[in-house]
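Peer 1: The structure file input13.txt (compact mmCIF, N, CA and C atoms) is provided below.
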```txt
# COMPACT_ATOMS: atom_id res chain seq x y z
N ILE A 1 -26.45 -15.79 -40.09
CA ILE A 1 -25.80 -14.74 -39.36
C ILE A 1 -24.31 -14.75 -39.68
N GLY A 2 -23.72 -15.92 -39.74
CA GLY A 2 -22.30 -15.99 -40.03
C GLY A 2 -21.75 -17.38 -39.82
N PHE A 3 -20.43 -17.47 -39.95
CA PHE A 3 -19.78 -18.75 -39.70
C PHE A 3 -18.53 -18.51 -38.87
N HIS A 4 -18.13 -19.54 -38.16
CA HIS A 4 -16.97 -19.45 -37.28
C HIS A 4 -16.05 -20.62 -37.58
N ARG A 5 -14.76 -20.33 -37.71
CA ARG A 5 -13.76 -21.35 -37.98
C ARG A 5 -12.43 -20.87 -37.43
N PHE A 6 -11.52 -21.81 -37.27
CA PHE A 6 -10.19 -21.48 -36.81
C PHE A 6 -9.20 -22.26 -37.65
N ALA A 7 -8.13 -21.62 -38.07
CA ALA A 7 -7.09 -22.27 -38.85
C ALA A 7 -5.93 -22.61 -37.92
N SER A 8 -5.31 -23.74 -38.19
CA SER A 8 -4.14 -24.13 -37.41
C SER A 8 -2.91 -23.48 -38.02
N GLY A 9 -1.81 -23.52 -37.34
CA GLY A 9 -0.56 -22.97 -37.85
C GLY A 9 0.11 -23.88 -38.88
N THR A 10 -0.42 -25.08 -39.02
CA THR A 10 0.10 -26.02 -40.01
C THR A 10 -0.98 -26.24 -41.06
N CYS A 11 -0.73 -27.13 -41.97
CA CYS A 11 -1.74 -27.43 -43.00
C CYS A 11 -2.81 -28.41 -42.50
N ALA A 12 -2.65 -28.89 -41.28
CA ALA A 12 -3.67 -29.78 -40.71
C ALA A 12 -4.87 -28.95 -40.28
N PRO A 13 -6.07 -29.48 -40.44
CA PRO A 13 -7.25 -28.71 -40.03
C PRO A 13 -7.30 -28.53 -38.52
N ALA A 14 -7.81 -27.40 -38.11
CA ALA A 14 -8.00 -27.12 -36.69
C ALA A 14 -9.27 -27.82 -36.21
N ARG A 15 -9.42 -27.91 -34.91
CA ARG A 15 -10.67 -28.45 -34.36
C ARG A 15 -11.79 -27.45 -34.60
N SER A 16 -12.98 -27.95 -34.66
CA SER A 16 -14.15 -27.10 -34.85
C SER A 16 -14.38 -26.26 -33.60
N PRO A 17 -14.79 -24.99 -33.77
CA PRO A 17 -15.12 -24.17 -32.60
C PRO A 17 -16.38 -24.70 -31.91
N THR A 18 -16.50 -24.37 -30.65
CA THR A 18 -17.67 -24.75 -29.87
C THR A 18 -18.55 -23.51 -29.72
N ILE A 19 -19.85 -23.67 -30.00
CA ILE A 19 -20.78 -22.56 -29.87
C ILE A 19 -21.81 -22.91 -28.80
N ARG A 20 -22.02 -21.96 -27.89
CA ARG A 20 -23.02 -22.14 -26.83
C ARG A 20 -23.95 -20.93 -26.86
N VAL A 21 -25.25 -21.20 -26.96
CA VAL A 21 -26.25 -20.14 -26.97
C VAL A 21 -26.45 -19.66 -25.55
N ILE A 22 -26.30 -18.35 -25.35
CA ILE A 22 -26.49 -17.74 -24.03
C ILE A 22 -27.91 -17.21 -23.89
N ALA A 23 -28.41 -16.52 -24.92
CA ALA A 23 -29.78 -16.00 -24.92
C ALA A 23 -30.41 -16.32 -26.27
N SER A 24 -31.39 -17.20 -26.26
CA SER A 24 -32.08 -17.60 -27.49
C SER A 24 -32.98 -16.48 -27.99
N PRO A 25 -33.20 -16.41 -29.29
CA PRO A 25 -34.14 -15.42 -29.81
C PRO A 25 -35.56 -15.77 -29.37
N ARG A 26 -36.40 -14.76 -29.19
CA ARG A 26 -37.78 -14.98 -28.76
C ARG A 26 -38.76 -15.01 -29.92
N ALA A 27 -38.42 -14.32 -31.02
CA ALA A 27 -39.35 -14.21 -32.14
C ALA A 27 -38.94 -15.05 -33.33
N GLY A 28 -37.87 -15.80 -33.21
CA GLY A 28 -37.39 -16.60 -34.33
C GLY A 28 -36.64 -17.83 -33.84
N MET A 29 -35.93 -18.47 -34.78
CA MET A 29 -35.23 -19.69 -34.47
C MET A 29 -33.75 -19.56 -34.84
N LEU A 30 -32.88 -19.99 -33.95
CA LEU A 30 -31.45 -20.00 -34.17
C LEU A 30 -31.02 -21.44 -34.42
N THR A 31 -30.28 -21.66 -35.51
CA THR A 31 -29.80 -22.99 -35.86
C THR A 31 -28.30 -22.93 -36.07
N ILE A 32 -27.59 -23.91 -35.57
CA ILE A 32 -26.14 -24.00 -35.76
C ILE A 32 -25.85 -25.34 -36.43
N LYS A 33 -25.16 -25.27 -37.58
CA LYS A 33 -24.87 -26.48 -38.35
C LYS A 33 -23.37 -26.56 -38.64
N PRO A 34 -22.82 -27.77 -38.56
CA PRO A 34 -21.41 -27.94 -38.90
C PRO A 34 -21.23 -27.94 -40.42
N GLY A 35 -20.04 -27.58 -40.85
CA GLY A 35 -19.72 -27.59 -42.27
C GLY A 35 -18.21 -27.66 -42.44
N GLU A 36 -17.76 -27.43 -43.67
CA GLU A 36 -16.34 -27.45 -43.98
C GLU A 36 -16.04 -26.32 -44.95
N LEU A 37 -14.96 -25.63 -44.70
CA LEU A 37 -14.53 -24.53 -45.55
C LEU A 37 -13.25 -24.94 -46.26
N THR A 38 -13.21 -24.73 -47.56
CA THR A 38 -12.02 -25.00 -48.36
C THR A 38 -11.54 -23.69 -48.96
N THR A 39 -10.24 -23.43 -48.85
CA THR A 39 -9.69 -22.20 -49.40
C THR A 39 -8.31 -22.46 -50.02
N ASP A 40 -7.96 -21.64 -50.98
CA ASP A 40 -6.62 -21.70 -51.56
C ASP A 40 -5.85 -20.42 -51.23
N LYS A 41 -6.31 -19.68 -50.23
CA LYS A 41 -5.71 -18.39 -49.85
C LYS A 41 -4.56 -18.53 -48.85
N ILE A 42 -4.26 -19.74 -48.41
CA ILE A 42 -3.11 -19.95 -47.53
C ILE A 42 -1.99 -20.47 -48.42
N SER A 43 -0.96 -19.65 -48.61
CA SER A 43 0.06 -19.92 -49.62
C SER A 43 0.78 -21.25 -49.42
N SER A 44 1.03 -21.65 -48.21
CA SER A 44 1.78 -22.89 -47.98
C SER A 44 0.90 -24.14 -48.00
N CYS A 45 -0.42 -23.96 -48.07
CA CYS A 45 -1.36 -25.10 -48.04
C CYS A 45 -2.34 -24.97 -49.19
N SER A 46 -2.22 -25.82 -50.19
CA SER A 46 -3.20 -25.77 -51.28
C SER A 46 -4.46 -26.52 -50.85
N ASP A 47 -5.60 -25.98 -51.21
CA ASP A 47 -6.91 -26.57 -50.88
C ASP A 47 -7.02 -26.89 -49.39
N TYR A 48 -6.73 -25.89 -48.55
CA TYR A 48 -6.82 -26.04 -47.11
C TYR A 48 -8.28 -26.22 -46.70
N LYS A 49 -8.56 -27.22 -45.88
CA LYS A 49 -9.91 -27.49 -45.40
C LYS A 49 -9.93 -27.39 -43.88
N THR A 50 -10.97 -26.74 -43.39
CA THR A 50 -11.13 -26.62 -41.94
C THR A 50 -12.61 -26.69 -41.58
N PRO A 51 -12.94 -27.28 -40.43
CA PRO A 51 -14.34 -27.34 -40.03
C PRO A 51 -14.87 -25.97 -39.63
N VAL A 52 -16.15 -25.75 -39.88
CA VAL A 52 -16.81 -24.50 -39.51
C VAL A 52 -18.11 -24.81 -38.79
N GLN A 53 -18.58 -23.84 -38.04
CA GLN A 53 -19.92 -23.87 -37.46
C GLN A 53 -20.66 -22.69 -38.08
N VAL A 54 -21.78 -22.96 -38.74
CA VAL A 54 -22.56 -21.93 -39.43
C VAL A 54 -23.79 -21.60 -38.58
N VAL A 55 -24.02 -20.30 -38.36
CA VAL A 55 -25.11 -19.85 -37.50
C VAL A 55 -26.19 -19.21 -38.38
N PHE A 56 -27.42 -19.73 -38.28
CA PHE A 56 -28.56 -19.24 -39.06
C PHE A 56 -29.63 -18.69 -38.12
N TYR A 57 -30.34 -17.66 -38.59
CA TYR A 57 -31.50 -17.13 -37.88
C TYR A 57 -32.67 -17.11 -38.85
N GLN A 58 -33.83 -17.58 -38.39
CA GLN A 58 -35.05 -17.55 -39.20
C GLN A 58 -36.14 -16.87 -38.37
N ALA A 59 -36.70 -15.77 -38.88
CA ALA A 59 -37.77 -15.07 -38.17
C ALA A 59 -39.00 -15.96 -38.11
N GLY A 60 -39.73 -15.83 -37.02
CA GLY A 60 -40.95 -16.61 -36.84
C GLY A 60 -42.17 -15.84 -37.33
N GLU A 61 -43.31 -16.39 -37.06
CA GLU A 61 -44.59 -15.79 -37.47
C GLU A 61 -45.16 -14.94 -36.34
N SER A 62 -44.40 -14.01 -35.84
CA SER A 62 -44.86 -13.18 -34.73
C SER A 62 -45.00 -11.73 -35.18
N ASP A 63 -45.50 -10.90 -34.27
CA ASP A 63 -45.66 -9.47 -34.54
C ASP A 63 -44.44 -8.67 -34.11
N ALA A 64 -43.37 -9.34 -33.72
CA ALA A 64 -42.20 -8.64 -33.19
C ALA A 64 -41.52 -7.81 -34.28
N ASP A 65 -41.03 -6.65 -33.88
CA ASP A 65 -40.26 -5.79 -34.77
C ASP A 65 -38.77 -6.08 -34.67
N THR A 66 -38.34 -6.54 -33.50
CA THR A 66 -36.93 -6.86 -33.29
C THR A 66 -36.80 -8.16 -32.51
N ASP A 67 -35.62 -8.73 -32.63
CA ASP A 67 -35.31 -9.93 -31.87
C ASP A 67 -33.87 -9.78 -31.40
N HIS A 68 -33.53 -10.48 -30.35
CA HIS A 68 -32.19 -10.40 -29.77
C HIS A 68 -31.68 -11.81 -29.51
N LEU A 69 -30.38 -11.99 -29.66
CA LEU A 69 -29.77 -13.27 -29.33
C LEU A 69 -28.32 -13.05 -28.96
N THR A 70 -27.80 -13.97 -28.17
CA THR A 70 -26.40 -13.91 -27.74
C THR A 70 -25.85 -15.33 -27.74
N TYR A 71 -24.65 -15.49 -28.27
CA TYR A 71 -23.97 -16.78 -28.18
C TYR A 71 -22.48 -16.56 -28.00
N GLU A 72 -21.81 -17.60 -27.53
CA GLU A 72 -20.37 -17.52 -27.36
C GLU A 72 -19.69 -18.58 -28.21
N VAL A 73 -18.49 -18.25 -28.67
CA VAL A 73 -17.69 -19.16 -29.48
C VAL A 73 -16.39 -19.40 -28.73
N THR A 74 -16.08 -20.68 -28.50
CA THR A 74 -14.83 -21.05 -27.84
C THR A 74 -13.92 -21.69 -28.88
N ASN A 75 -12.71 -21.13 -29.02
CA ASN A 75 -11.77 -21.68 -30.00
C ASN A 75 -11.00 -22.84 -29.37
N PRO A 76 -10.22 -23.59 -30.17
CA PRO A 76 -9.49 -24.74 -29.64
C PRO A 76 -8.50 -24.39 -28.53
N ASN A 77 -8.07 -23.13 -28.43
CA ASN A 77 -7.16 -22.71 -27.36
C ASN A 77 -7.89 -22.33 -26.08
N GLY A 78 -9.23 -22.41 -26.07
CA GLY A 78 -10.02 -22.08 -24.90
C GLY A 78 -10.43 -20.62 -24.80
N GLU A 79 -10.06 -19.80 -25.79
CA GLU A 79 -10.46 -18.39 -25.78
C GLU A 79 -11.92 -18.27 -26.18
N VAL A 80 -12.64 -17.38 -25.49
CA VAL A 80 -14.08 -17.24 -25.70
C VAL A 80 -14.39 -15.84 -26.24
N GLU A 81 -15.23 -15.79 -27.28
CA GLU A 81 -15.74 -14.53 -27.81
C GLU A 81 -17.25 -14.57 -27.71
N ILE A 82 -17.84 -13.44 -27.31
CA ILE A 82 -19.30 -13.36 -27.18
C ILE A 82 -19.85 -12.51 -28.30
N TYR A 83 -20.92 -13.00 -28.93
CA TYR A 83 -21.58 -12.30 -30.03
C TYR A 83 -23.01 -11.98 -29.62
N GLN A 84 -23.38 -10.70 -29.73
CA GLN A 84 -24.74 -10.26 -29.43
C GLN A 84 -25.32 -9.64 -30.69
N PHE A 85 -26.56 -9.99 -31.00
CA PHE A 85 -27.22 -9.47 -32.19
C PHE A 85 -28.59 -8.92 -31.84
N THR A 86 -28.92 -7.81 -32.45
CA THR A 86 -30.29 -7.29 -32.48
C THR A 86 -30.71 -7.38 -33.94
N ILE A 87 -31.79 -8.07 -34.18
CA ILE A 87 -32.28 -8.30 -35.55
C ILE A 87 -33.56 -7.51 -35.72
N HIS A 88 -33.60 -6.70 -36.76
CA HIS A 88 -34.78 -5.91 -37.08
C HIS A 88 -35.60 -6.69 -38.11
N ILE A 89 -36.81 -7.04 -37.70
CA ILE A 89 -37.69 -7.88 -38.53
C ILE A 89 -38.65 -6.98 -39.29
N ARG A 90 -38.73 -7.21 -40.58
CA ARG A 90 -39.70 -6.45 -41.38
C ARG A 90 -40.46 -7.42 -42.27
N SER A 91 -41.67 -7.09 -42.55
CA SER A 91 -42.47 -7.91 -43.45
C SER A 91 -42.43 -7.29 -44.85
N ASP A 92 -42.37 -8.13 -45.84
CA ASP A 92 -42.31 -7.64 -47.23
C ASP A 92 -43.67 -7.68 -47.88
```
Reformat the file's structure so that it appears as structure tokens.

Peer 2:
Amino acid sequence: IGFHRFASGTCAPARSPTIRVIASPRAGMLTIKPGELTTDKISSCSDYKTPVQVVFYQAGESDADTDHLTYEVTNPNGEVEIYQFTIHIRSD
């Protein structure tokens, strides 16, 4: 589904965001895995590294046409963002 990260104002890595699932999907599985992002796009910091949380969704073996999920991401400053998804499942 995506990844979440926060950069600090310095070249030091920020703390990893916190993710809390509010509504789990019913027809699939939601997985959250930690990782690390490296970028050279911050001019004052070469090879800047920051922790990330990566969010994955895998459809299950059900007859559902859609699935829904909601989770929140809290950044190191305590600000919370809520993400809601409707996933349209199709068989190939």

Peer 1: Find the spatial neighbours of Arg20 of chain A, counting all atoms listed in the file, within a cut-off of 6.5 Å - ignore same-chain residues fewer than 4 positions away - and output them as a PyMOL selection string.

Peer 2: chain A and resi 70-74

Peer 1: May I have the residues at most 7 Å from (-26.1, -12.0, -35.4) in the file's coordinates, counting all atoms listed in the file, as a list in words?

Peer 2: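 Protein and nucleic acid residues near the point are Ile1, Gly2, Leu69, Tyr83, Gln84, Phe85 and Thr86 of chain A.
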
Peer 1: Between A:Phe3, A:Gln58, A:Cys11, A:Gln53, which is the closest to His88 of chain A once you count only C-alpha atoms?

Peer 2: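 Selected residue with least distance to His88 of chain A: A:Gln58.
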
Peer 1: Any idea what's packed within 6.5 Å of Arg15 of chain A, counting only N, CA and C atoms, ignoring anything in its chain fewer than 4 positions away? Could you give it as a ChimeraX atom specification?

Peer 2: /A:6,51,76

Peer 1: For Pro13 of chain A, which residue out of A:Arg26, A:Thr31, A:Asp40, A:Thr50 is the nearest one, using only C-alpha atoms?

Peer 2: A:Thr50

Peer 1: Please measure the separation of atom C of Gly60 of chain A and atom CA of Lys33 of chain A, giving the value in Å to one decimal.

Peer 2: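 These atoms are spaced 20.3 Å apart.
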